[in-house]
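Enquirer: Starting off with a structure, shown below.
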Amino acid sequence: MKKLLTGNEAVAQGAYEAGVTYAAAYPGTPSTEILETIAEYKQDIIAEWAPNEKVAMESAIGASIAGARALAAMKMVGVNVAADPLFSFAYAGVNGGMVLVTADDPSLHSSQNEQDNRQYAKFAKIAMIEPSDSQESKDMIKAAMEISEKFNTPILFRMTTRVCHSKSLVEIGERKEDSKKPYVRNLSQYDLVPAVSKRLRAELEKRLCKLSAFADETDLNYFEWNDAKIGIISSGVAYQYAKEVFGDKVSYLKLGFTYPLPAKKIKEFASRVEKLYVIEELEPYLEDQIKQMGITCIGKEKIPNMYELNPDIIAKALLDEENPLIQYDRSLVANRPPVLCAGCPHRGFFYELSKKKNVVMAGDIGCYALGGADPLNAKDLCICMGSAPSIGHGAQKIFNKFDENLRVVATIGDSTFFHTGINSIMNIAYNHSKTITVILDNRITGMTGHQDHPGTGFTLQGMPAKALPIEDVVRALGINYVRTVNPLKLAEIREALDWALALDEPSVIITRWPCVLKKQSPQDKEEFGDYWATCEIDTEECIGCKMCINTGCPALRFNREHEKAAIDPVQCVGCEVCLQVCPVNAIAKVGE
Amino acid sequence: MSDVKNILLVGVGGQGTILVSKILSNGLVNAGYDVKMSEIHGMAQRGGSVSTQVRYGKKVYSPIIGKGQADILVSFETMEALRWLEYLEPNGKVVVNNYQIPSAPILMGKQDYPEGVLELIKAKADTTVIRAAEIAEKLGNAKAMNVVLLGALVKAMKISYIDWEEVIKSSVKASAVGVNLLAFKAGMNVE
């Protein structure tokens with residue numbers, strides 16, 4: 001049976017068929033759906049959201065050592081978080097097969113940077129596999145588990161946005177049962193004290209030699225012989241783009257197993273073609289190694305090393321071909337930037353924060369990054385997941401030392417707080433900066449599409465869980481001044497911000513209200529009640545001052561002709577933020 | 001690959017472009033085509049510009065196309081058609097919904113919704129304009145606007161030999177099958 005699956009769904013199917021029994025991840029685009037799909041195999045696979053990628057990786061390592069086939073999945077920046085256990089586990093090696101999926105994001109569709117994680121395989125000295133479509137994503141997960149166990153190596157499974165989120169046909173297979181290996185106590189493999197690691201360091205090099213030989217044998221790397229005037233070496237989705245442009249007119253060396261590289265196959269291919277192109281997305285990862293083999297090839301001097309590749313770019317770069325386009329005035333089209341949803345609980349907070357003077361706003365990773373845009377403009381910086389309180393801490397220390405009258409307000413989401421924000425807030429308390437941290441608790445991981453976390457009361461597979469009270473955790477970290485407010489009540493926010501700014505101590509404000517798109521749990525209903533409603537504007541009263549428009553709610557619109565504001569009843573959920581800013585009380589809840 | 005056809009579906013987050021792409025892809029798979037579908041989205045959970053590409057033929061390699069390559073552009077929102085028009089093959093066809101969703105800068109009064117969009121598109125390409133929202137509303141559910149557009153798309157694709165009704169039945173909620181079948185037919189019948 002064939003099914004149309006995304007690469008992420010195909011990885012999940014592959015994990016199921018390969019007999020994986022443990023999988024963990026922290027949600028991150030474009031990797032999120034891998035665990036969401038694996039979670040559906042409740043009978044066979046334990047699937048968990050970990051609070052961060054390091055924990056996901058370590059849990060999978062534990063499962064592997066215990067003898068199970070295990071998988072951890074994350075977006076590319078998540079591998080940075082998980083790099084510590086990854087590099088050491090490379091030394092120890094696996095018991096049950098272990099695959100780390102890295103979902104890279106060329107063109108930064110939803111990321112802070114654009115990193116080519118193929119470098120991690122080389123850096124950590126572990127085997128790497130790169131699928132180019134959904135069928136390969138499934139097949140190669142199964143191959144990866146076999147290779148992992150055969151060579152005692154964790155596998156880096158490198159996908160990209162276009163492989164993760166494109167659908168193509170996949171042949172569905174059966175699950176391999178009996179994949180569990182016995183657990184064996186083995187201090188000389190799993191107890192990485194210096195004496196053990198020193199010996200394993202040498203083993204690692206021997207393993208790489210064996211893997212190099214295997215790279216030349218495996219059919220994951222194969223030739224497609226056609227006309228030999230042009231030869232193309234490629235991997236991942238770039239191979240599909242190359243096939244689109246050159247079809248069967250040229251010869252290919254398709255690489256699916258990309259660390260270590262198959263030196264013999266590459267040399268043979270290069271010797272048999274007249275002109276050699278290396279077509280790869282992002283960095284010259286293959287190209288550099290091929291050139292180190294003394295082989296002449298054309299790669300990054302023609303094909304850009306940044307942003308997503310596509311067939312057009314290749315055709316233009318290598319064939320000088322361009323499609324004719326319809327010409328028109330593109331400046332007519334108005335921008336359509338993403339916005340905080342109508343009724344988003346973050347809006348009220350950002351609206352009040354943006355009015356404060358002498359405040360530096362350190363943001364973090366989540367929907368609330370959109371609070372930095374017009375008209376709220378409530379963000380000065382944002383670096384990486386969980387970093388706002390610690391970056392805020394460092395900045396606050398310097399502002400104080402040099403008597404600059406600036407106060408740092410760090411904003412961080414609930415899921416991000418559990419990710420690595422806890423450590424950062426601990427550091428604020430321990431090292432005495434008066435940084436103000438605001439935990440924007442919308443009761444769910446919003447941006448990636450509503451994943452549970454240790455604060456929500458549910459696990460990935462829907463089991464009830466202990467919902468960790470953020471307020472208690474923050475106090476335990478050493479913060480003495482903690483307040484929880486309703487972010488839809490602007491006066492409450494104002495008062496809490498004034499209170500925190502007046503303190504000469506660090507403080508935490510928790511804004512607690514569910515994401516407007518969240519499916520309410522029984523606990524939510526009990527705590528927040530039935531809050532859906534609609535607001536309307538009395539056009540007789542409206543003076544067209546745009547105060548409500550300045551809250552940035554997409555349900556509000558300004559009619560330039562009549563100089564009045566209006567509310568779209570379809571989008572409005574009655575959060576009442578606009579109602580509170582209207583100077584003439586022209587806005588009211590429908591029916592009140 | 002000359003036999004591969006490229007459909008580009010564009011709209012605004014929340015309009016149901018993805019569901020239409022799924023129904024379309026499933027129908028094409030049932031008919032024996034190789035199909036690749038790609039969702040192009042960034043940070044927009046809601047309200048941002050979204051697009052989906054569906055490619056079908058005997059053998060499809062790339063999941064995405066570049067500018068000037070779409071055989072048919074279906075736009076669920078009027079201005080979005082203009083945003084993506086350069087992706088249309090100059091002899092390609094446009095199916096555009098006469099339905100405006102102002103974006104954030106327009107709501108704030110900082111930019112204007114462009115005037116004369118439909119006329120401009122008609123002047124540049126073979127275009128079918130459809131009032132899918134009105135049609136769906138008359139059928140009893142404005143949300144079925146997306147399936148009205150699917151009907152118009154299928155008509156433009158000239159692949160009526162696929163049993164689309166079966167595909168729709170298996171792709172939408174049981175309670176929504178009736179209205180969606182009517183919506184599909186209404187879309188097919190638009191001149």
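All residue names refer to the structure tokens as shown: chains lettered A, B, ... in order, residues numbered from 1 in each chain, ligands numbered from 1 in order.
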If we count only C-alpha atoms, what is near region 80-88 of chain B at a cut-off of 6 Å, once residues fewer than 3 positions away on the same chain are taken out, given as a list of chain:residue names?
Expert: A:Leu325, A:Ile326, B:Lys67, B:Gly68, B:Gln69, B:Ala70, B:Ser75, B:Glu77, B:Gly92
Enquirer: Leaving out Ile295 (chain A) and any residue of its chain fewer than 3 positions from it, which residues lie within 9 Å of it when counting only C-alpha atoms, given as a PyMOL selection string?
Expert: chain A and resi 266-267+270-271+290-292
Enquirer: For region 378-384 of chain A, list every protein, DNA or RNA residue within 9 Å, evaluated using only C-alpha atoms, and leave out those in the same chain fewer than 4 positions away; present the list as an MDAnalysis selection string.
Expert: chainID A and resid 77 112 350:351 353:355 360:365 369:374 388 391 411
Enquirer: Quick one: DSSP helix (DSSP H, G or I) residues in chain B, as JSON, numbers by chain?
Expert: {"B": [17, 18, 19, 20, 21, 22, 23, 24, 25, 26, 27, 28, 29, 30, 78, 79, 80, 81, 82, 83, 84, 85, 86, 87, 104, 105, 106, 107, 117, 118, 119, 120, 121, 122, 123, 124, 132, 133, 134, 135, 136, 137, 138, 139, 142, 143, 144, 145, 146, 147, 148, 149, 150, 151, 152, 153, 154, 155, 156, 157, 164, 165, 166, 167, 168, 169, 170, 171, 174, 175, 176, 177, 178, 179, 180, 181, 182, 183, 184, 185, 186, 187, 188]}
Enquirer: Can I get the residues of chain A within 6 Å of chain B, each with the closest pair of atoms and their distance in Å to one decimal, using only C-alpha atoms, sorted chain first then ascending number, as JSON lines?
Expert:
{"residue": "A:His109", "atom": "CA", "partner": "B:Gly42", "partner_atom": "CA", "distance": 4.6}
{"residue": "A:Ser110", "atom": "CA", "partner": "B:Gly42", "partner_atom": "CA", "distance": 5.4}
{"residue": "A:Ser166", "atom": "CA", "partner": "B:Ser38", "partner_atom": "CA", "distance": 4.2}
{"residue": "A:Lys167", "atom": "CA", "partner": "B:Met37", "partner_atom": "CA", "distance": 4.9}
{"residue": "A:Ser168", "atom": "CA", "partner": "B:Lys36", "partner_atom": "CA", "distance": 4.7}
{"residue": "A:Gln240", "atom": "CA", "partner": "B:Tyr61", "partner_atom": "CA", "distance": 5.0}
{"residue": "A:Tyr241", "atom": "CA", "partner": "B:Ser62", "partner_atom": "CA", "distance": 5.1}
{"residue": "A:Glu244", "atom": "CA", "partner": "B:Tyr61", "partner_atom": "CA", "distance": 5.6}
{"residue": "A:Asp312", "atom": "CA", "partner": "B:Gly66", "partner_atom": "CA", "distance": 5.8}
{"residue": "A:Asn323", "atom": "CA", "partner": "B:Gly68", "partner_atom": "CA", "distance": 5.8}
{"residue": "A:Leu325", "atom": "CA", "partner": "B:Gly68", "partner_atom": "CA", "distance": 5.0}
{"residue": "A:Ile326", "atom": "CA", "partner": "B:Glu86", "partner_atom": "CA", "distance": 5.5}
{"residue": "A:Leu332", "atom": "CA", "partner": "B:Pro114", "partner_atom": "CA", "distance": 5.9}
{"residue": "A:Arg336", "atom": "CA", "partner": "B:Ser103", "partner_atom": "CA", "distance": 5.1}
{"residue": "A:Pro337", "atom": "CA", "partner": "B:Gly48", "partner_atom": "CA", "distance": 5.5}
{"residue": "A:Pro338", "atom": "CA", "partner": "B:Gly48", "partner_atom": "CA", "distance": 4.6}
{"residue": "A:Arg557", "atom": "CA", "partner": "B:Leu107", "partner_atom": "CA", "distance": 4.4}
{"residue": "A:Phe558", "atom": "CA", "partner": "B:Leu107", "partner_atom": "CA", "distance": 5.7}
Enquirer: Could those residues be written to a file, using all heavy atoms, as a compact mmCIF listing (two decimals), in the first residue's frame?
Expert:
# COMPACT_ATOMS: atom_id res chain seq x y z
N HIS A 109 13.12 29.64 7.36
CA HIS A 109 11.68 29.86 7.32
C HIS A 109 11.14 30.15 8.72
O HIS A 109 10.20 30.92 8.88
CB HIS A 109 10.95 28.63 6.75
CG HIS A 109 11.25 28.39 5.32
ND1 HIS A 109 10.66 29.12 4.32
CD2 HIS A 109 12.07 27.51 4.69
CE1 HIS A 109 11.11 28.71 3.15
NE2 HIS A 109 11.96 27.73 3.35
N SER A 110 11.70 29.51 9.73
CA SER A 110 11.22 29.74 11.10
C SER A 110 12.35 29.49 12.08
O SER A 110 12.21 28.73 13.02
CB SER A 110 10.04 28.81 11.40
OG SER A 110 10.38 27.48 11.11
N SER A 166 7.44 18.22 2.74
CA SER A 166 6.86 17.87 1.44
C SER A 166 6.26 16.49 1.53
O SER A 166 6.77 15.63 2.23
CB SER A 166 7.93 17.85 0.36
OG SER A 166 8.43 19.13 0.16
N LYS A 167 5.17 16.29 0.78
CA LYS A 167 4.56 14.96 0.76
C LYS A 167 4.93 14.26 -0.54
O LYS A 167 4.89 14.86 -1.61
CB LYS A 167 3.04 15.09 0.80
CG LYS A 167 2.51 15.43 2.16
CD LYS A 167 1.03 15.19 2.23
CE LYS A 167 0.55 15.43 3.66
NZ LYS A 167 -0.80 15.00 3.89
N SER A 168 5.28 12.98 -0.42
CA SER A 168 5.41 12.15 -1.62
C SER A 168 5.04 10.72 -1.24
O SER A 168 4.82 10.42 -0.06
CB SER A 168 6.83 12.25 -2.21
OG SER A 168 7.81 11.95 -1.25
N GLN A 240 17.15 15.78 -5.77
CA GLN A 240 15.88 15.85 -6.49
C GLN A 240 15.85 17.08 -7.41
O GLN A 240 15.33 17.03 -8.52
CB GLN A 240 14.70 15.92 -5.51
CG GLN A 240 14.61 14.75 -4.54
CD GLN A 240 14.14 13.45 -5.20
OE1 GLN A 240 13.78 13.42 -6.37
NE2 GLN A 240 14.18 12.37 -4.44
N TYR A 241 16.40 18.20 -6.93
CA TYR A 241 16.45 19.40 -7.76
C TYR A 241 17.35 19.17 -8.98
O TYR A 241 17.04 19.60 -10.08
CB TYR A 241 16.97 20.59 -6.95
CG TYR A 241 16.15 20.96 -5.73
CD1 TYR A 241 16.74 21.55 -4.62
CD2 TYR A 241 14.77 20.71 -5.69
CE1 TYR A 241 15.99 21.89 -3.50
CE2 TYR A 241 14.02 21.04 -4.57
CZ TYR A 241 14.64 21.63 -3.48
OH TYR A 241 13.90 21.96 -2.37
N GLU A 244 15.59 17.14 -11.48
CA GLU A 244 14.58 17.96 -12.14
C GLU A 244 15.19 18.74 -13.31
O GLU A 244 14.60 18.84 -14.37
CB GLU A 244 13.99 18.94 -11.11
CG GLU A 244 12.87 19.82 -11.61
CD GLU A 244 11.54 19.09 -11.73
OE1 GLU A 244 11.30 18.18 -10.93
OE2 GLU A 244 10.77 19.44 -12.63
N ASP A 312 15.37 26.11 -10.17
CA ASP A 312 15.69 27.34 -10.91
C ASP A 312 17.10 27.84 -10.67
O ASP A 312 17.79 28.27 -11.58
CB ASP A 312 14.74 28.46 -10.45
CG ASP A 312 13.44 28.41 -11.20
OD1 ASP A 312 13.25 27.45 -11.97
OD2 ASP A 312 12.62 29.32 -11.00
N ASN A 323 13.56 31.18 -16.72
CA ASN A 323 12.18 31.16 -17.20
C ASN A 323 11.71 32.57 -17.51
O ASN A 323 12.00 33.48 -16.75
CB ASN A 323 11.25 30.61 -16.12
CG ASN A 323 11.53 29.17 -15.81
OD1 ASN A 323 11.78 28.38 -16.69
ND2 ASN A 323 11.50 28.86 -14.53
N LEU A 325 9.12 35.47 -17.22
CA LEU A 325 8.16 35.76 -16.16
C LEU A 325 7.15 36.81 -16.61
O LEU A 325 7.45 37.63 -17.47
CB LEU A 325 8.88 36.29 -14.91
CG LEU A 325 9.95 35.43 -14.26
CD1 LEU A 325 10.48 36.12 -13.01
CD2 LEU A 325 9.41 34.05 -13.90
N ILE A 326 5.97 36.77 -16.00
CA ILE A 326 4.99 37.84 -16.20
C ILE A 326 5.52 39.09 -15.50
O ILE A 326 5.94 39.03 -14.35
CB ILE A 326 3.62 37.43 -15.60
CG1 ILE A 326 3.06 36.23 -16.36
CG2 ILE A 326 2.64 38.61 -15.62
CD1 ILE A 326 1.79 35.64 -15.75
N LEU A 332 2.56 47.11 -5.78
CA LEU A 332 1.13 47.27 -5.46
C LEU A 332 0.70 46.39 -4.30
O LEU A 332 -0.26 46.68 -3.60
CB LEU A 332 0.30 46.88 -6.69
CG LEU A 332 0.27 47.84 -7.87
CD1 LEU A 332 -0.44 47.18 -9.05
CD2 LEU A 332 -0.46 49.12 -7.48
N ARG A 336 1.98 41.17 4.13
CA ARG A 336 1.08 40.39 4.97
C ARG A 336 1.94 39.66 6.02
O ARG A 336 2.15 38.45 5.94
CB ARG A 336 0.26 39.40 4.14
CG ARG A 336 -0.95 38.84 4.89
CD ARG A 336 -1.74 37.86 4.03
NE ARG A 336 -2.46 38.44 2.93
CZ ARG A 336 -3.64 39.05 3.02
NH1 ARG A 336 -4.23 39.19 4.18
NH2 ARG A 336 -4.24 39.54 1.94
N PRO A 337 2.47 40.40 6.99
CA PRO A 337 3.34 39.78 7.99
C PRO A 337 2.51 38.94 8.97
O PRO A 337 1.34 39.23 9.18
CB PRO A 337 3.97 40.97 8.71
CG PRO A 337 2.96 42.06 8.56
CD PRO A 337 2.26 41.84 7.25
N PRO A 338 3.12 37.91 9.57
CA PRO A 338 2.40 37.17 10.62
C PRO A 338 2.15 38.10 11.80
O PRO A 338 2.94 39.00 12.07
CB PRO A 338 3.36 36.04 11.00
CG PRO A 338 4.70 36.49 10.55
CD PRO A 338 4.49 37.41 9.39
N ARG A 557 -10.08 46.97 12.66
CA ARG A 557 -9.67 47.62 11.43
C ARG A 557 -10.06 49.08 11.44
O ARG A 557 -11.00 49.47 12.11
CB ARG A 557 -10.26 46.89 10.22
CG ARG A 557 -11.74 46.61 10.31
CD ARG A 557 -12.10 45.44 9.42
NE ARG A 557 -11.28 44.28 9.75
CZ ARG A 557 -11.29 43.14 9.08
NH1 ARG A 557 -12.04 43.00 8.03
NH2 ARG A 557 -10.53 42.14 9.46
N PHE A 558 -9.30 49.85 10.66
CA PHE A 558 -9.57 51.27 10.61
C PHE A 558 -10.11 51.64 9.24
O PHE A 558 -9.47 51.37 8.23
CB PHE A 558 -8.31 52.07 10.92
CG PHE A 558 -8.59 53.52 11.15
CD1 PHE A 558 -9.22 53.93 12.31
CD2 PHE A 558 -8.26 54.47 10.20
CE1 PHE A 558 -9.50 55.27 12.53
CE2 PHE A 558 -8.55 55.80 10.41
CZ PHE A 558 -9.16 56.20 11.59
Enquirer: For CA of Thr17 (chain B) and CA of Leu139 (chain B), quote the distance in Å rounded to one decimal.
Expert: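 Taking CA of Thr17 (chain B) and CA of Leu139 (chain B), their separation equals 19.4 Å.
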